[in-house]
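Dumped final.cif below, it's mmCIF, C-alpha atoms:
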```cif
data_protein
loop_
_atom_site.label_atom_id
_atom_site.label_comp_id
_atom_site.auth_asym_id
_atom_site.auth_seq_id
_atom_site.Cartn_x
_atom_site.Cartn_y
_atom_site.Cartn_z
CA MET V 307 0.00 0.00 0.00
CA ASN V 308 1.43 3.33 -1.11
CA ILE V 309 -0.46 6.55 -0.52
CA ASN V 310 2.50 8.87 -1.05
CA PRO V 311 1.75 11.85 -3.30
CA LEU V 312 3.13 11.74 -6.83
CA GLN V 313 5.94 14.07 -7.86
CA ALA V 314 5.51 16.36 -10.84
CA PRO V 315 7.98 16.05 -13.74
CA GLU V 316 10.74 18.64 -13.89
CA ASP V 317 9.39 20.44 -16.94
CA GLU V 318 6.63 20.48 -19.55
CA ALA V 319 8.68 18.49 -22.05
CA SER V 320 8.76 15.55 -19.65
CA ILE V 321 4.96 15.54 -19.62
CA ILE V 322 4.32 16.20 -23.30
CA LYS V 323 6.69 13.48 -24.53
CA HIS V 324 4.13 10.80 -23.62
CA TRP V 325 1.33 12.34 -25.70
CA LYS V 326 0.49 10.57 -28.96
CA TYR V 327 -2.69 12.49 -29.69
CA ILE V 328 -1.91 16.21 -29.71
CA ASP V 329 -4.37 17.63 -32.25
CA LYS V 330 -6.56 18.96 -29.43
CA ILE V 331 -6.93 18.91 -25.66
CA TYR V 332 -8.64 15.64 -24.80
CA ILE V 333 -8.67 15.79 -21.01
CA SER V 334 -9.07 18.71 -18.63
CA CYS V 335 -7.86 17.97 -15.11
CA VAL V 336 -9.94 20.37 -13.03
CA CYS V 337 -8.97 21.42 -9.50
CA ILE V 338 -10.89 23.76 -7.22
CA THR V 339 -9.19 25.31 -4.22
CA TYR V 340 -9.61 27.81 -1.41
CA ASN V 341 -7.10 28.33 1.41
CA GLN V 342 -5.39 24.97 0.93
CA GLU V 343 -1.74 25.97 1.09
CA ASN V 344 -0.91 22.80 3.05
CA TYR V 345 -2.38 20.46 0.44
CA ILE V 346 -2.52 22.09 -2.97
CA LYS V 347 0.94 21.00 -4.12
CA ASP V 348 0.01 17.34 -3.73
CA ALA V 349 -3.11 17.88 -5.83
CA ILE V 350 -1.26 19.70 -8.62
CA ASN V 351 1.68 17.28 -8.66
CA GLY V 352 -0.68 14.33 -9.03
CA MET V 353 -2.28 15.88 -12.10
CA LEU V 354 1.00 16.88 -13.72
CA ALA V 355 2.48 13.42 -13.10
CA GLN V 356 -0.10 11.71 -15.33
CA ILE V 357 1.28 9.53 -18.11
CA THR V 358 -1.18 9.27 -20.97
CA ASP V 359 -1.37 9.10 -24.76
CA TYR V 360 -3.74 12.05 -24.77
CA ARG V 361 -2.95 15.74 -24.52
CA PHE V 362 -4.31 17.24 -21.32
CA GLU V 363 -4.52 20.54 -19.50
CA VAL V 364 -4.76 21.44 -15.82
CA ILE V 365 -7.43 23.97 -14.83
CA ILE V 366 -7.14 25.37 -11.29
CA HIS V 367 -9.87 27.59 -9.87
CA ASP V 368 -8.96 29.69 -6.83
CA ASP V 369 -11.84 31.31 -4.98
CA VAL V 370 -9.79 34.23 -3.60
CA SER V 371 -7.64 32.36 -1.09
CA THR V 372 -6.33 34.47 1.78
CA ASP V 373 -3.33 32.26 2.57
CA ASN V 374 -0.40 31.36 0.29
CA THR V 375 -2.43 29.16 -2.05
CA ARG V 376 -2.52 31.70 -4.88
CA ASP V 377 1.23 32.32 -4.69
CA ILE V 378 1.79 28.57 -5.02
CA LEU V 379 -0.50 28.46 -8.06
CA LEU V 380 1.42 31.26 -9.76
CA GLU V 381 4.71 29.43 -9.20
CA TYR V 382 3.31 26.34 -10.93
CA LYS V 383 1.84 28.44 -13.75
CA ASN V 384 5.27 29.96 -14.41
CA LYS V 385 6.88 26.52 -14.53
CA TYR V 386 4.20 24.82 -16.66
CA PRO V 387 2.72 27.75 -18.66
CA ASN V 388 1.32 25.69 -21.55
CA ILE V 389 -0.37 23.05 -19.43
CA ILE V 390 -1.71 24.95 -16.41
CA LYS V 391 -4.56 27.43 -16.76
CA LEU V 392 -5.54 29.46 -13.70
CA VAL V 393 -8.99 30.82 -12.97
CA LEU V 394 -8.35 33.49 -10.32
CA GLN V 395 -11.51 35.03 -8.97
CA LYS V 396 -11.60 38.61 -7.70
CA GLU V 397 -14.60 37.95 -5.46
CA ASN V 398 -15.42 34.78 -3.54
CA GLN V 399 -17.99 32.91 -5.61
CA TYR V 400 -18.94 30.35 -2.97
CA LYS V 401 -20.17 33.12 -0.67
CA LYS V 402 -22.41 34.28 -3.52
CA GLY V 403 -24.07 30.87 -3.58
CA LYS V 404 -22.26 29.69 -6.70
CA LYS V 405 -21.15 26.09 -7.19
CA ILE V 406 -17.44 26.17 -7.98
CA ILE V 407 -17.01 23.00 -10.02
CA PRO V 408 -19.27 24.23 -12.86
CA LEU V 409 -17.40 27.55 -12.95
CA ALA V 410 -14.11 25.72 -13.37
CA VAL V 411 -15.41 23.14 -15.85
CA SER V 412 -16.85 25.90 -18.04
CA LYS V 413 -13.26 27.08 -18.66
CA ALA V 414 -12.08 23.63 -19.77
CA GLN V 415 -11.28 22.78 -23.38
CA GLY V 416 -11.10 19.01 -22.99
CA GLU V 417 -13.74 16.52 -24.08
CA TYR V 418 -13.33 14.78 -20.73
CA ILE V 419 -13.11 16.16 -17.20
CA ALA V 420 -11.05 14.65 -14.37
CA LEU V 421 -11.83 16.24 -10.99
CA CYS V 422 -9.52 16.69 -8.02
CA GLU V 423 -10.33 19.08 -5.19
CA GLY V 424 -7.39 20.97 -3.74
CA ASP V 425 -7.12 18.95 -0.53
CA ASP V 426 -7.21 15.55 -2.28
CA TYR V 427 -4.59 13.99 -4.53
CA TRP V 428 -3.96 11.25 -7.10
CA ILE V 429 -1.49 8.43 -6.50
CA ASN V 430 -1.66 6.55 -9.81
CA LYS V 431 0.28 7.95 -12.79
CA ASN V 432 -1.95 6.04 -15.20
CA LYS V 433 -5.24 7.11 -13.65
CA ILE V 434 -6.64 9.34 -16.39
CA ASP V 435 -5.20 7.18 -19.17
CA SER V 436 -7.12 4.18 -17.81
CA GLN V 437 -10.30 6.20 -17.49
CA ILE V 438 -10.28 7.80 -20.93
CA LYS V 439 -9.77 4.39 -22.51
CA ILE V 440 -12.78 3.06 -20.61
CA LEU V 441 -15.06 5.87 -21.80
CA ASN V 442 -13.74 5.55 -25.34
CA GLN V 443 -14.62 1.86 -25.23
CA TYR V 444 -18.02 2.18 -23.52
CA ARG V 445 -19.71 4.97 -25.46
CA ASN V 446 -23.00 4.67 -23.56
CA ILE V 447 -21.28 5.27 -20.20
CA ASN V 448 -20.66 8.90 -19.25
CA ILE V 449 -18.69 8.63 -16.01
CA CYS V 450 -15.85 6.43 -14.80
CA VAL V 451 -14.70 6.31 -11.16
CA HIS V 452 -12.42 4.19 -8.99
CA ASN V 453 -11.82 3.08 -5.42
CA ALA V 454 -9.83 5.41 -3.16
CA TYR V 455 -8.07 5.65 0.16
CA VAL V 456 -9.49 7.91 2.87
CA LEU V 457 -6.96 9.69 5.07
CA GLU V 458 -8.38 11.08 8.31
CA ASN V 459 -6.62 14.40 8.71
CA LYS V 460 -6.62 14.87 12.48
CA HIS V 461 -4.93 11.56 13.33
CA ASN V 462 -3.28 11.01 9.93
CA GLN V 463 -4.63 7.48 9.60
CA LEU V 464 -6.58 5.56 6.97
CA ILE V 465 -10.26 4.99 7.65
CA ASN V 466 -13.22 3.37 5.91
CA LEU V 467 -15.66 6.01 4.74
CA PHE V 468 -17.16 5.08 1.38
CA LYS V 469 -19.68 2.28 1.78
CA PHE V 470 -19.53 1.14 -1.83
CA GLN V 471 -16.37 -0.30 -3.40
CA VAL V 472 -15.73 -2.84 -6.14
CA LYS V 473 -13.45 -5.87 -6.18
CA LYS V 474 -13.23 -6.01 -9.97
CA ASN V 475 -13.61 -3.53 -12.81
CA ARG V 476 -17.27 -3.42 -13.81
CA THR V 477 -20.26 -1.33 -14.77
CA VAL V 478 -22.42 -0.49 -11.76
CA PRO V 479 -26.17 0.11 -12.25
CA PRO V 480 -27.45 3.62 -11.44
CA ILE V 481 -29.62 2.43 -8.54
CA LYS V 482 -26.43 1.99 -6.49
CA ILE V 483 -25.84 5.75 -6.60
CA TYR V 484 -29.13 6.25 -4.77
CA SER V 485 -29.17 3.23 -2.47
CA THR V 486 -25.63 3.70 -1.15
CA SER V 487 -25.63 5.47 2.20
CA GLY V 488 -23.51 8.60 2.02
CA GLN V 489 -21.48 9.44 -1.06
CA PHE V 490 -21.27 6.80 -3.76
CA SER V 491 -17.78 7.64 -5.03
CA PRO V 492 -14.94 10.00 -4.01
CA THR V 493 -14.91 13.23 -6.01
CA ALA V 494 -11.23 12.87 -6.93
CA ALA V 495 -12.20 9.67 -8.78
CA TYR V 496 -14.62 11.40 -11.18
CA PHE V 497 -13.83 11.24 -14.88
CA PHE V 498 -16.71 12.21 -17.15
CA ARG V 499 -17.87 13.61 -20.47
CA LYS V 500 -17.91 17.41 -20.34
CA ASN V 501 -20.78 18.07 -22.75
CA LEU V 502 -23.36 16.11 -20.76
CA PHE V 503 -22.23 17.83 -17.56
CA LEU V 504 -22.65 21.26 -19.15
CA ASN V 505 -26.15 20.38 -20.40
CA PHE V 506 -27.36 20.68 -16.80
CA ILE V 507 -25.24 23.65 -15.73
CA SER V 508 -28.27 25.88 -15.06
CA LEU V 509 -29.37 23.49 -12.29
CA TYR V 510 -26.19 23.07 -10.29
CA ASP V 511 -26.60 26.13 -8.07
CA GLU V 512 -29.89 24.61 -6.85
CA PHE V 513 -28.17 21.49 -5.54
CA PRO V 514 -26.78 21.66 -1.96
CA ILE V 515 -24.30 18.82 -2.52
CA LEU V 516 -23.07 18.73 -6.09
CA ASP V 517 -21.16 15.44 -5.88
CA PHE V 518 -24.26 13.27 -5.61
CA PHE V 519 -26.03 15.05 -8.45
CA ILE V 520 -23.01 14.72 -10.73
CA GLU V 521 -23.11 10.99 -10.06
CA ALA V 522 -26.88 10.81 -10.56
CA ILE V 523 -26.99 12.79 -13.81
CA LEU V 524 -23.87 11.42 -15.45
CA GLY V 525 -24.44 7.92 -14.08
CA ASN V 526 -27.98 7.58 -15.41
CA ASN V 527 -26.78 4.87 -17.82
CA GLY V 528 -24.52 3.27 -15.22
CA VAL V 529 -21.07 4.01 -13.80
CA PHE V 530 -17.90 2.20 -14.80
CA TYR V 531 -16.07 1.51 -11.53
CA LEU V 532 -12.35 0.61 -11.45
CA LYS V 533 -11.04 -1.46 -8.55
CA ASP V 534 -7.62 0.24 -8.23
CA LYS V 535 -7.30 2.83 -5.47
CA SER V 536 -5.93 5.73 -7.49
CA SER V 537 -6.55 8.72 -5.22
CA VAL V 538 -6.55 9.82 -1.59
CA TYR V 539 -9.46 11.68 -0.06
CA ARG V 540 -8.54 13.80 2.95
CA TYR V 541 -11.33 13.59 5.50
CA ASN V 542 -11.82 16.56 7.85
CA SER V 543 -9.05 18.55 6.23
CA ILE V 544 -8.43 22.03 7.60
CA GLY V 545 -10.89 24.53 6.15
CA SER V 546 -13.12 22.01 4.37
CA TRP V 547 -16.82 22.89 4.36
CA THR V 548 -17.73 19.36 5.43
CA ASN V 549 -15.50 19.65 8.49
CA ASN V 550 -17.18 22.92 9.46
CA GLU V 551 -20.67 21.56 8.91
CA LEU V 552 -20.11 18.37 10.89
CA ASN V 553 -19.97 20.51 14.02
CA ASP V 554 -23.15 22.47 13.24
CA THR V 555 -26.43 20.57 13.63
CA ILE V 556 -28.58 23.41 12.29
CA LEU V 557 -26.52 23.73 9.11
CA SER V 558 -26.69 19.97 8.62
CA LEU V 559 -30.48 19.97 9.01
CA ILE V 560 -30.84 22.79 6.50
CA ARG V 561 -28.62 20.99 4.01
CA ASN V 562 -30.55 17.74 4.36
CA GLN V 563 -33.86 19.54 3.82
CA ARG V 564 -32.44 21.19 0.71
CA MET V 565 -31.33 17.78 -0.50
CA LEU V 566 -34.91 16.51 -0.31
CA GLU V 567 -36.10 19.47 -2.38
CA ALA V 568 -33.26 19.06 -4.87
CA LEU V 569 -34.11 15.38 -5.38
CA ASP V 570 -37.63 16.39 -6.39
CA LEU V 571 -36.14 18.91 -8.82
CA LEU V 572 -33.86 16.25 -10.28
CA ASN V 573 -36.77 13.85 -10.78
CA TYR V 574 -38.83 16.61 -12.40
CA THR V 575 -35.94 17.51 -14.72
CA MET V 576 -35.68 13.86 -15.75
CA ASN V 577 -39.41 13.75 -16.60
CA ASN V 578 -40.36 11.87 -13.45
CA THR V 579 -38.31 8.82 -14.48
CA LEU V 580 -36.28 8.66 -11.26
CA LYS V 581 -39.07 8.40 -8.68
CA ASP V 582 -38.19 4.89 -7.45
CA LYS V 583 -34.47 5.68 -7.28
CA VAL V 584 -35.07 8.99 -5.51
CA GLU V 585 -37.05 7.15 -2.79
CA TYR V 586 -33.87 5.31 -1.79
CA LYS V 587 -31.87 8.50 -1.42
CA LYS V 588 -34.66 10.26 0.45
CA SER V 589 -34.81 7.42 2.96
CA ASP V 590 -31.09 7.87 3.65
CA ILE V 591 -31.57 11.62 4.10
CA TYR V 592 -34.47 11.11 6.51
CA LYS V 593 -32.22 8.78 8.47
CA ASN V 594 -29.70 11.61 8.76
CA ILE V 595 -32.44 13.98 9.89
CA VAL V 596 -33.62 11.49 12.54
CA VAL V 597 -30.11 11.19 13.95
CA LEU V 598 -29.56 14.97 13.96
CA HIS V 599 -32.82 15.57 15.84
CA LEU V 600 -32.01 12.85 18.36
CA LYS V 601 -28.59 14.39 18.98
CA SER V 602 -30.20 17.76 19.68
CA GLY V 603 -32.93 16.25 21.89
CA SER V 604 -35.79 17.03 19.47
CA TYR V 605 -37.48 13.65 19.82
CA SER V 606 -40.86 14.62 18.35
CA LYS V 607 -39.15 15.99 15.23
CA ALA V 608 -37.09 12.80 15.02
CA PHE V 609 -40.29 10.73 15.11
CA THR V 610 -41.87 12.90 12.40
CA ALA V 611 -38.86 12.42 10.14
CA PHE V 612 -38.87 8.68 10.79
CA SER V 613 -42.56 8.44 9.91
CA LYS V 614 -41.77 9.84 6.47
CA ILE V 615 -39.80 6.69 5.71
CA LYS V 616 -42.82 4.48 6.36
CA LYS V 617 -44.68 6.15 3.49
CA MET V 618 -42.01 5.19 0.97
CA LYS V 619 -42.51 2.16 -1.23
CA ILE V 620 -39.11 0.56 -0.80
CA LYS V 621 -38.73 -3.17 -1.33
CA ASN V 622 -36.13 -3.86 1.35
CA TYR V 623 -37.91 -1.74 3.96
CA THR V 624 -37.15 -4.13 6.85
CA LYS V 625 -33.45 -4.09 6.07
CA ILE V 626 -33.44 -0.31 5.89
CA LEU V 627 -35.24 0.01 9.22
CA TYR V 628 -32.60 -2.19 10.82
CA SER V 629 -29.81 -0.03 9.41
CA TYR V 630 -31.50 3.10 10.77
CA PHE V 631 -31.80 1.74 14.29
CA LYS V 632 -28.19 0.57 14.12
CA SER V 633 -27.05 4.02 13.00
CA ILE V 634 -28.99 5.71 15.79
CA ILE V 635 -27.57 3.37 18.43
CA ASN V 636 -24.02 3.90 17.14
CA LYS V 637 -24.45 7.65 17.36
#
```
Output the file's structure in the form of structure tokens.
Amino acid sequence: MNINPLQAPEDEASIIKHWKYIDKIYISCVCITYNQENYIKDAINGMLAQITDYRFEVIIHDDVSTDNTRDILLEYKNKYPNIIKLVLQKENQYKKGKKIIPLAVSKAQGEYIALCEGDDYWINKNKIDSQIKILNQYRNINICVHNAYVLENKHNQLINLFKFQVKKNRTVPPIKIYSTSGQFSPTAAYFFRKNLFLNFISLYDEFPILDFFIEAILGNNGVFYLKDKSSVYRYNSIGSWTNNELNDTILSLIRNQRMLEALDLLNYTMNNTLKDKVEYKKSDIYKNIVVLHLKSGSYSKAFTAFSKIKKMKIKNYTKILYSYFKSIINK
């Protein structure tokens, strides 16, 4: 097991020499960052270290960092001027309610997008080469992901976070995106077709958690899942919005309520074809709401949220009830 960050090649020529297809930019490696001076080098190095037949670019969006992140980005831009493209905001877009990933992707020239947030990093030099070949082979599939390591930041140790993983390379049916508790796949594993992503760009600001909706929209025909662990997800990294929200019950409740509303919007956008799948995800969200209310001592509200689950027509209802009680007890 090796989770050490990759090292970037010394110069652009060392990257470009591997490219066989140079007529256009095929892959855009997109990184979003804000105040991640302690992590951003690992993210950038992992993207620059990729060995692939296909010409790629690195897009880095900085949302007006107040630490040394932007200075680090400028150093990399000077060293790799023809590969790195910086999107340097003058005003913080997140505080305006904007989703940052769509802003960054809209600047990309590649046919394919490989995501890596600024506090995560890739550990496999052949990651994007493997993924582009999968999507070139399976034309009906729009997103390819892979297993990943999860590094808990506070204690610097590996933990199990993602419930769903594969033991062999395979296509996973879309229902798994909805029925998996928590996030289906780590964001740094995403590799998808840009055009389909941009088709829904007007909706993204309505979604409280973009990761799930990227998976749901792009994975509507299934997700190709690779077994190799090719990235590291830093859990509870300094400054991450998830770390801040974990300690705020009210914020978490608001986000979960917005998720319920966003699921209805997604189903409506897809002409009411996702109703059964959406029921699975809603049940998981209501479970979260139950736990949050119990933690805050709001037992009547917890019961109300739990009663919502009973109205859902879910086949494995008994199994789900058991998992809810188990989650509550463990909390």
Result set, the PyMOL selection byres ((chain V and resi 436-443) around 12) on current file, as a PyMOL selection string | chain V and resi 332-335+356-362+416-420+430-435+444-452+475-477+495-500+528-534+536
Determine, counting only C-alpha atoms, which protein, DNA and RNA residues have an atom within 6 Å of an atom of Asn459 in chain V; residues of the same chain fewer than 2 positions away are not included. Present the result as number ranges by chain.
-> V: 457, 461-462, 541-543
The PyMOL selection byres ((chain V and resi 592) around 12) resolved against shown file, as a count of residues only | 38
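Checking V:Arg540, V:Lys535, V:Arg376, V:Lys391 one by one against Lys474 in chain V, counting all atoms listed in the file, you find the shortest gap at V:Lys535.
Here the question is which of V:Val411, V:Ser371, V:Ile365, V:Ser537 gets nearest to Leu392 in chain V using all atoms listed in the file, and that residue is V:Ile365.
Minimum atom-to-atom distances from V:His367, V:Lys385, V:Lys323, V:Lys583 to Gly424 in chain V were compared using only C-alpha atoms, and the lowest value belongs to V:His367.
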